[in-house]
$ cat structure31.txt   # compact mmCIF, C-alpha atoms
# COMPACT_ATOMS: atom_id res chain seq x y z
CA MET A 840 -10.58 8.50 -26.87
CA LEU A 841 -8.38 10.81 -24.78
CA MET A 842 -11.29 11.89 -22.57
CA ARG A 843 -12.30 8.28 -21.97
CA GLN A 844 -8.71 7.50 -20.92
CA PHE A 845 -8.71 10.28 -18.33
CA ARG A 846 -12.08 9.15 -16.94
CA LYS A 847 -10.67 5.72 -16.15
CA PRO A 848 -9.78 5.09 -12.50
CA ARG A 849 -6.05 5.00 -11.86
CA LEU A 850 -4.23 1.89 -10.67
CA LEU A 851 -0.80 2.35 -9.11
CA ILE A 852 1.54 -0.65 -9.31
CA VAL A 853 4.54 -0.51 -6.98
CA GLY A 854 7.10 -3.15 -7.90
CA CYS A 855 6.21 -3.47 -11.57
CA GLY A 856 8.36 -6.42 -12.56
CA ASP A 857 7.11 -9.52 -14.35
CA ILE A 858 3.94 -9.92 -12.27
CA GLY A 859 3.29 -6.18 -12.39
CA LEU A 860 3.50 -6.15 -16.17
CA ARG A 861 1.09 -9.09 -16.39
CA LEU A 862 -1.26 -7.31 -13.99
CA ALA A 863 -1.03 -4.09 -16.03
CA ALA A 864 -1.97 -5.90 -19.23
CA LEU A 865 -5.07 -7.34 -17.56
CA ALA A 866 -6.04 -4.03 -15.93
CA GLN A 867 -5.59 -1.63 -18.84
CA PRO A 868 -9.07 -2.07 -20.34
CA ARG A 869 -10.52 -0.69 -17.08
CA PHE A 870 -7.71 1.40 -15.58
CA ARG A 871 -5.15 4.00 -16.40
CA VAL A 872 -2.10 2.16 -15.07
CA ILE A 873 0.71 4.02 -13.30
CA ALA A 874 3.90 2.34 -12.10
CA LEU A 875 6.56 3.50 -9.67
CA THR A 876 10.10 2.86 -10.84
CA SER A 877 13.47 3.79 -9.35
CA SER A 878 15.23 3.38 -12.72
CA PRO A 879 15.11 6.16 -15.33
CA GLN A 880 16.30 3.57 -17.87
CA ARG A 881 13.12 1.55 -17.35
CA MET A 882 10.67 4.35 -18.00
CA GLN A 883 10.61 3.79 -21.76
CA THR A 884 9.91 0.07 -21.29
CA LEU A 885 6.93 0.93 -19.10
CA ARG A 886 5.64 3.48 -21.61
CA GLN A 887 5.86 0.90 -24.39
CA ALA A 888 3.65 -1.36 -22.24
CA GLY A 889 1.03 1.41 -22.03
CA ILE A 890 1.98 2.29 -18.44
CA VAL A 891 2.54 5.79 -17.08
CA PRO A 892 5.90 5.70 -15.23
CA MET A 893 6.60 7.71 -12.08
CA LEU A 894 10.15 8.03 -10.84
CA GLY A 895 10.63 7.34 -7.15
CA ASN A 896 12.45 5.10 -4.71
CA LEU A 897 10.87 3.26 -1.78
CA ASP A 898 14.12 3.74 0.13
CA ASP A 899 13.88 7.54 -0.23
CA ALA A 900 10.83 9.02 1.50
CA ASN A 901 11.34 12.41 -0.20
CA SER A 902 10.91 10.80 -3.63
CA LEU A 903 7.46 9.38 -2.82
CA TRP A 904 5.46 12.53 -2.10
CA ARG A 905 4.04 12.63 -5.65
CA LEU A 906 2.27 9.32 -4.98
CA ALA A 907 -0.06 10.92 -2.42
CA GLY A 908 -3.52 10.84 -3.96
CA VAL A 909 -2.32 9.68 -7.38
CA ALA A 910 -4.59 6.60 -7.33
CA HIS A 911 -7.33 5.00 -5.25
CA TRP A 912 -6.30 1.51 -6.41
CA VAL A 913 -2.84 0.26 -5.38
CA ALA A 914 -1.02 -3.04 -5.88
CA MET A 915 2.07 -3.22 -3.66
CA LEU A 916 4.26 -5.92 -5.22
CA ALA A 917 7.70 -4.66 -4.18
CA PRO A 918 9.73 -6.82 -1.79
CA PRO A 919 11.14 -5.63 1.54
CA PRO A 920 14.83 -4.73 1.83
CA ALA A 921 17.30 -7.60 1.67
CA ILE A 922 18.46 -7.27 5.29
CA GLY A 923 16.93 -6.74 8.71
CA VAL A 924 13.61 -7.84 10.16
CA ASP A 925 11.48 -4.78 9.29
CA ASP A 926 10.15 -3.34 6.03
CA ALA A 927 10.60 0.43 6.03
CA ARG A 928 9.55 0.48 2.37
CA SER A 929 6.03 -0.62 3.23
CA ALA A 930 5.93 1.77 6.17
CA ARG A 931 6.89 4.74 3.94
CA LEU A 932 4.45 3.91 1.18
CA ALA A 933 1.55 3.24 3.58
CA ALA A 934 2.16 6.61 5.22
CA VAL A 935 2.15 8.40 1.84
CA LEU A 936 -1.07 6.67 0.77
CA ARG A 937 -2.74 7.60 4.04
CA ARG A 938 -1.79 11.26 3.58
CA GLY A 939 -3.17 11.18 0.05
CA MET A 940 -6.68 9.95 0.88
CA ILE A 941 -8.35 13.21 -0.13
CA GLY A 942 -11.67 12.32 -1.70
CA ALA A 943 -11.80 8.81 -0.23
CA GLY A 944 -15.11 7.79 1.25
CA PRO A 945 -17.62 4.94 1.50
CA ASP A 946 -18.27 5.08 -2.24
CA ARG A 947 -14.62 5.69 -3.19
CA PRO A 948 -12.36 3.80 -0.80
CA LEU A 949 -8.63 3.43 -1.11
CA ARG A 950 -8.22 -0.16 -2.30
CA VAL A 951 -4.85 -1.81 -1.64
CA VAL A 952 -3.52 -5.30 -2.24
CA TYR A 953 -0.25 -6.28 -0.59
CA ALA A 954 1.73 -9.22 -1.98
CA SER A 955 3.17 -11.12 0.99
CA THR A 956 4.57 -14.66 1.22
CA SER A 957 3.46 -18.00 2.62
CA GLY A 958 6.90 -18.21 4.21
CA VAL A 959 5.50 -16.38 7.24
CA TYR A 960 4.11 -19.73 8.46
CA GLY A 961 7.52 -21.36 8.78
CA ASP A 962 7.72 -25.15 8.83
CA CYS A 963 4.32 -26.80 9.32
CA ALA A 964 5.54 -30.41 8.98
CA GLY A 965 3.39 -30.95 5.90
CA ALA A 966 0.13 -29.92 7.59
CA GLU A 967 -2.82 -28.33 5.82
CA VAL A 968 -2.59 -24.59 6.48
CA PRO A 969 -5.62 -22.27 6.52
CA GLU A 970 -5.30 -18.48 6.73
CA THR A 971 -6.24 -18.67 10.42
CA ARG A 972 -3.04 -20.54 11.36
CA PRO A 973 -0.77 -18.31 13.48
CA PRO A 974 2.41 -17.36 11.60
CA GLN A 975 5.75 -18.65 12.88
CA PRO A 976 8.39 -17.02 10.68
CA GLN A 977 11.75 -18.77 10.89
CA THR A 978 13.93 -16.62 8.62
CA ASP A 979 14.76 -12.92 8.53
CA ARG A 980 13.08 -12.80 5.12
CA ALA A 981 9.82 -14.09 6.62
CA HIS A 982 10.11 -11.71 9.59
CA ARG A 983 10.41 -8.79 7.14
CA ARG A 984 7.19 -9.91 5.46
CA MET A 985 5.39 -10.15 8.78
CA ALA A 986 6.54 -6.62 9.60
CA ALA A 987 5.28 -5.45 6.23
CA GLU A 988 1.89 -7.06 6.81
CA SER A 989 1.69 -5.19 10.13
CA HIS A 990 2.36 -1.85 8.42
CA TRP A 991 -0.36 -2.52 5.85
CA ARG A 992 -2.83 -3.80 8.44
CA ARG A 993 -2.49 -0.51 10.32
CA LEU A 994 -3.42 1.33 7.15
CA GLY A 995 -6.26 -1.15 6.61
CA ARG A 996 -7.84 -0.13 9.92
CA VAL A 997 -8.25 3.47 8.71
CA ALA A 998 -11.77 4.42 7.62
CA HIS A 999 -12.43 4.07 3.90
CA VAL A 1000 -9.48 1.74 3.26
CA ARG A 1001 -10.04 -1.76 1.86
CA LEU A 1002 -6.89 -3.84 2.23
CA GLY A 1003 -6.37 -7.39 1.00
CA ILE A 1004 -3.22 -9.38 1.73
CA LEU A 1005 -2.11 -12.22 -0.54
CA ARG A 1006 0.19 -14.83 0.96
CA ILE A 1007 2.00 -16.16 -2.08
CA PRO A 1008 3.97 -19.42 -2.45
CA GLY A 1009 6.49 -20.26 -5.19
CA ILE A 1010 5.74 -18.38 -8.41
CA TYR A 1011 6.46 -20.26 -11.63
CA ASP A 1012 5.62 -20.25 -15.31
CA GLY A 1013 6.43 -22.31 -18.37
CA ARG A 1014 9.35 -20.13 -19.40
CA LEU A 1015 11.77 -18.02 -17.32
CA ARG A 1016 10.34 -19.05 -13.94
CA SER A 1017 10.31 -22.77 -14.73
CA PRO A 1018 12.74 -25.13 -12.94
CA ALA A 1019 14.48 -25.96 -16.25
CA GLN A 1020 17.66 -24.03 -15.41
CA ARG A 1021 17.88 -25.67 -11.99
CA LEU A 1022 17.61 -29.06 -13.66
CA ARG A 1023 20.32 -28.17 -16.19
CA GLN A 1024 22.63 -27.22 -13.34
CA GLY A 1025 22.27 -30.74 -11.94
CA LEU A 1026 21.33 -29.59 -8.45
CA PRO A 1027 19.93 -32.36 -6.24
CA ALA A 1028 16.54 -32.83 -4.62
CA LEU A 1029 15.75 -34.39 -1.28
CA ARG A 1030 15.10 -38.09 -1.00
CA ALA A 1031 11.46 -39.05 -0.41
CA GLU A 1032 11.76 -39.50 3.37
CA ASP A 1033 13.26 -35.99 3.77
CA ASP A 1034 11.23 -34.21 1.10
CA VAL A 1035 8.85 -31.31 1.77
CA TYR A 1036 5.49 -30.25 0.39
CA THR A 1037 5.70 -27.06 -1.63
CA ASN A 1038 3.00 -24.79 -2.98
CA HIS A 1039 2.85 -23.04 -6.32
CA ILE A 1040 1.05 -20.41 -8.37
CA HIS A 1041 1.48 -19.66 -12.06
CA ALA A 1042 2.49 -16.06 -12.79
CA ASP A 1043 -0.57 -15.50 -15.02
CA ASP A 1044 -2.92 -16.74 -12.30
CA LEU A 1045 -1.21 -14.55 -9.71
CA ALA A 1046 -1.74 -11.46 -11.85
CA ARG A 1047 -5.45 -12.32 -12.20
CA ILE A 1048 -5.75 -13.01 -8.47
CA THR A 1049 -4.23 -9.61 -7.67
CA LEU A 1050 -6.69 -7.83 -9.94
CA LEU A 1051 -9.68 -9.71 -8.48
CA ALA A 1052 -8.47 -8.99 -4.94
CA LEU A 1053 -8.47 -5.27 -5.69
CA PHE A 1054 -12.18 -5.53 -6.44
CA ARG A 1055 -13.33 -8.31 -4.11
CA ALA A 1056 -11.06 -8.66 -1.08
CA ALA A 1057 -12.83 -8.11 2.23
CA PRO A 1058 -11.24 -5.44 4.45
CA ASN A 1059 -8.01 -6.59 6.14
CA ARG A 1060 -8.54 -10.11 4.81
CA LEU A 1061 -5.86 -12.72 4.10
CA TYR A 1062 -5.94 -15.00 1.05
CA HIS A 1063 -3.64 -17.82 0.00
CA ALA A 1064 -2.74 -17.14 -3.65
CA SER A 1065 -1.99 -20.80 -4.30
CA ASP A 1066 -3.13 -23.41 -6.81
CA GLY A 1067 -4.57 -26.80 -5.88
CA SER A 1068 -1.40 -28.86 -6.32
CA ARG A 1069 -0.46 -31.36 -3.63
CA ILE A 1070 3.10 -32.18 -4.55
CA LYS A 1071 6.48 -32.51 -2.90
CA MET A 1072 9.46 -30.53 -4.17
CA GLY A 1073 11.34 -33.52 -5.56
CA ASP A 1074 8.25 -34.81 -7.35
CA TYR A 1075 7.71 -31.32 -8.84
CA LEU A 1076 11.26 -31.35 -10.19
CA ASP A 1077 10.86 -34.91 -11.50
CA LEU A 1078 7.67 -33.84 -13.29
CA ALA A 1079 9.42 -30.86 -14.87
CA ALA A 1080 12.30 -33.07 -15.96
CA ARG A 1081 9.91 -35.44 -17.75
CA LEU A 1082 8.05 -32.58 -19.43
CA TYR A 1083 11.23 -30.85 -20.61
CA GLY A 1084 13.21 -33.95 -21.52
CA LEU A 1085 15.91 -33.21 -18.95
CA PRO A 1086 17.66 -35.52 -16.46
CA ALA A 1087 15.80 -35.92 -13.17
CA PRO A 1088 17.63 -34.53 -10.15
CA THR A 1089 19.66 -36.84 -7.96
CA ARG A 1090 17.91 -37.55 -4.65
CA VAL A 1091 20.05 -36.99 -1.55
CA ALA A 1092 19.66 -36.90 2.22
CA ARG A 1093 19.11 -33.53 3.84
CA GLU A 1094 22.65 -33.49 5.22
CA GLN A 1095 24.07 -34.02 1.73
CA ALA A 1096 21.90 -31.24 0.28
CA GLN A 1097 23.51 -28.74 2.62
CA ALA A 1098 26.90 -29.45 1.04
CA SER A 1099 25.67 -29.62 -2.56
CA GLY A 1100 26.04 -26.02 -3.72
CA LEU A 1101 22.40 -25.06 -3.24
CA SER A 1102 21.88 -21.44 -2.25
CA PRO A 1103 20.91 -20.56 1.34
CA MET A 1104 17.48 -19.49 0.05
CA ALA A 1105 16.94 -22.81 -1.73
CA LEU A 1106 17.99 -24.69 1.40
CA SER A 1107 15.54 -22.65 3.48
CA PHE A 1108 12.71 -23.64 1.12
CA MET A 1109 13.75 -27.28 1.55
CA SER A 1110 13.40 -26.99 5.33
CA GLU A 1111 9.73 -25.93 5.36
CA SER A 1112 6.79 -28.17 4.48
CA ARG A 1113 3.15 -27.13 4.29
CA LEU A 1114 -0.01 -27.44 2.19
CA LEU A 1115 -1.82 -24.15 1.68
CA ASP A 1116 -5.62 -24.28 1.77
CA ASN A 1117 -6.95 -22.10 -1.07
CA THR A 1118 -10.66 -22.48 -0.24
CA ARG A 1119 -10.97 -18.80 0.68
CA LEU A 1120 -9.33 -17.75 -2.59
CA LEU A 1121 -11.69 -19.82 -4.70
CA GLY A 1122 -14.83 -19.16 -2.68
CA GLU A 1123 -14.60 -15.53 -1.57
CA LEU A 1124 -12.70 -14.06 -4.51
CA GLY A 1125 -14.33 -16.36 -7.06
CA VAL A 1126 -11.00 -17.16 -8.70
CA LEU A 1127 -11.08 -19.65 -11.56
CA LEU A 1128 -7.49 -20.79 -11.91
CA ARG A 1129 -6.18 -21.21 -15.42
CA TYR A 1130 -3.51 -23.57 -14.10
CA PRO A 1131 -4.90 -25.44 -11.07
CA GLU A 1132 -2.17 -28.08 -11.38
CA VAL A 1133 1.53 -27.46 -11.95
CA GLU A 1134 1.70 -29.86 -14.90
CA LEU A 1135 -0.58 -27.56 -16.89
CA GLY A 1136 1.41 -24.48 -15.96
CA LEU A 1137 4.80 -25.98 -16.74
CA GLN A 1138 3.56 -26.78 -20.25
CA SER A 1139 2.01 -23.34 -20.78
CA GLY A 1140 5.02 -21.84 -22.58
CA HIS A 1141 4.49 -18.47 -20.89
$ encode --input "structure31.txt" --output "structure tokens"
Amino acid sequence: MLMRQFRKPRLLIVGCGDIGLRLAALAQPRFRVIALTSSPQRMQTLRQAGIVPMLGNLDDANSLWRLAGVAHWVAMLAPPPAIGVDDARSARLAAVLRRGMIGAGPDRPLRVVYASTSGVYGDCAGAEVPETRPPQPQTDRAHRRMAAESHWRRLGRVAHVRLGILRIPGIYDGRLRSPAQRLRQGLPALRAEDDVYTNHIHADDLARITLLALFRAAPNRLYHASDGSRIKMGDYLDLAARLYGLPAPTRVAREQAQASGLSPMALSFMSESRLLDNTRLLGELGVLLRYPEVELGLQSGH
């Protein structure tokens, strides 16, 4: 058993939070899973999940040298820093991975998936958005993601690297990531004439998409990691309220929403409207979504 474990290829997960743990559970039959963590207190939790923890911090280049060559399969799920318009974390990690490509070749490429965001498109006025649409980031957060994509694309142009980029919308599930708490807080939604189209992906489906992208993503290729829902934000919240037996949110004008106690991040989401086309995800990666509609995912219980 021990020898079989060491013969498994190694998958490095950077940013092993909820999605990383779901990805690890899916990957463990085929991979020896390693996770970078900056918290010594979290190492035992990772071990209990069958993951080999490595201590390091994306904000400290000197702590990352051990990652060079540790794995030829990498899922970069960690977010950029909270300020600025660049992502030095991605730049540092990409540089370390490039230095550690000993043994990489046509039959053993370095395979990387970077988890980006659909926020890089900015407001599209409710239009259908394919991966070929030019990004127009409108927030510092989106600019940081665009900078991160640029760092990873540079690595993806190196010989024997296969990079896939996932542009991810709102992640939800039927438990901690559901809108139930928002509904209990009584926060409003936009009235129909001001409302925006939002896009969603269930956390379980996102973990499966990430694993499939490691195997199937074409080099330097973008994919929308989004389900097939076509729903506005207020209607999504109304649906959740019905399913959970909670009061539906009050509908207000956009000007009223800005004075309602919603966070700046929530308000930024309410200012951008788009419909992500997931044809490439379904066709090229062959993804079969467990939760193609948000109603199914909200009732999943996990």
$ axis_aligned_box --input "structure31.txt" --around "range 1095-1109 of chain A" --padding-each-side "4 Å" --output "lines of an AutoDock Vina configuration file"
center_x = 19.8
center_y = -26.8
center_z = -0.1
size_x = 22.2
size_y = 22.5
size_z = 15.2
$ atom_distance --input "structure31.txt" --atom1 "CA of Val1035 in chain A" --atom2 "CA of Gln1097 in chain A"
14.9 Å
$ atom_distance --input "structure31.txt" --atom1 "CA of Arg928 in chain A" --atom2 "CA of Thr956 in chain A"
16.0 Å
$ closest_residue --input "structure31.txt" --among "A:Leu1128, A:Val1133, A:Val952, A:Ala910" --to "Asp1043 in chain A" --atoms "only C-alpha atoms"
A:Leu1128
$ closest_atom_pairs --input "structure31.txt" --of "range 1035-1141 of chain A" --to "range 1006-1025 of chain A" --cutoff "9 Å" --atoms "only C-alpha atoms" --output "Markdown table"
| residue | atom | partner | partner_atom | distance |
| --- | --- | --- | --- | --- |
| A:Thr1037 | CA | A:Gly1009 | CA | 7.7 |
| A:Asn1038 | CA | A:Pro1008 | CA | 5.5 |
| A:His1039 | CA | A:Gly1009 | CA | 4.7 |
| A:Ile1040 | CA | A:Ile1010 | CA | 5.1 |
| A:His1041 | CA | A:Tyr1011 | CA | 5.0 |
| A:Ala1042 | CA | A:Asp1012 | CA | 5.8 |
| A:Asp1043 | CA | A:Asp1012 | CA | 7.8 |
| A:Leu1045 | CA | A:Ile1010 | CA | 8.0 |
| A:Leu1061 | CA | A:Arg1006 | CA | 7.1 |
| A:Tyr1062 | CA | A:Arg1006 | CA | 6.1 |
| A:His1063 | CA | A:Arg1006 | CA | 5.0 |
| A:Ala1064 | CA | A:Ile1007 | CA | 5.1 |
| A:Ser1065 | CA | A:Pro1008 | CA | 6.4 |
| A:Tyr1075 | CA | A:Pro1018 | CA | 9.0 |
| A:Leu1076 | CA | A:Pro1018 | CA | 7.0 |
| A:Ala1079 | CA | A:Pro1018 | CA | 6.9 |
| A:Ala1080 | CA | A:Leu1022 | CA | 7.0 |
| A:Tyr1083 | CA | A:Ala1019 | CA | 7.3 |
| A:Leu1085 | CA | A:Leu1022 | CA | 6.9 |
| A:Pro1086 | CA | A:Leu1022 | CA | 7.0 |
| A:Ala1087 | CA | A:Leu1022 | CA | 7.1 |
| A:Pro1088 | CA | A:Gly1025 | CA | 6.3 |
| A:Thr1089 | CA | A:Gly1025 | CA | 7.7 |
| A:Leu1115 | CA | A:Pro1008 | CA | 8.5 |
| A:Val1133 | CA | A:Tyr1011 | CA | 8.7 |
| A:Leu1135 | CA | A:Gly1013 | CA | 8.9 |
| A:Gly1136 | CA | A:Gly1013 | CA | 6.0 |
| A:Leu1137 | CA | A:Gly1013 | CA | 4.3 |
| A:Gln1138 | CA | A:Gly1013 | CA | 5.6 |
| A:Ser1139 | CA | A:Gly1013 | CA | 5.1 |
| A:Gly1140 | CA | A:Gly1013 | CA | 4.5 |
| A:His1141 | CA | A:Gly1013 | CA | 5.0 |
$ atom_distance --input "structure31.txt" --atom1 "CA of Val913 in chain A" --atom2 "CA of Ile852 in chain A"
6.0 Å
$ closest_residue --input "structure31.txt" --among "A:Arg871, A:Arg984, A:Arg1119, A:Arg1060" --to "Ala917 in chain A" --atoms "all atoms listed in the file"
A:Arg984
$ residues_around --input "structure31.txt" --residues "Pro974 in chain A" --least-positions-apart "6" --cutoff "12 Å" --atoms "only C-alpha atoms" --output "list in words"
Thr956, Ser957, Gly958, Val959, Tyr960, Gly961, Asp962, Cys963, Val968, Ala981, His982, Arg984, Met985, Ala986, Glu988 and Arg1006 of chain A
$ closest_residue --input "structure31.txt" --among "A:Leu1026, A:Asp1077, A:Leu932, A:Leu949" --to "Ala1096 in chain A" --atoms "all atoms listed in the file"
A:Leu1026
$ closest_residue --input "structure31.txt" --among "A:Thr876, A:Gln977, A:Gln867, A:Ser1068" --to "Leu906 in chain A" --atoms "only C-alpha atoms"
A:Thr876
$ residues_around --input "structure31.txt" --residues "Val891 in chain A" --least-positions-apart "2" --cutoff "9 Å" --atoms "all atoms listed in the file" --output "VMD selection string"
chain A and resid 871 to 875 882 885 to 886 888 to 889 893
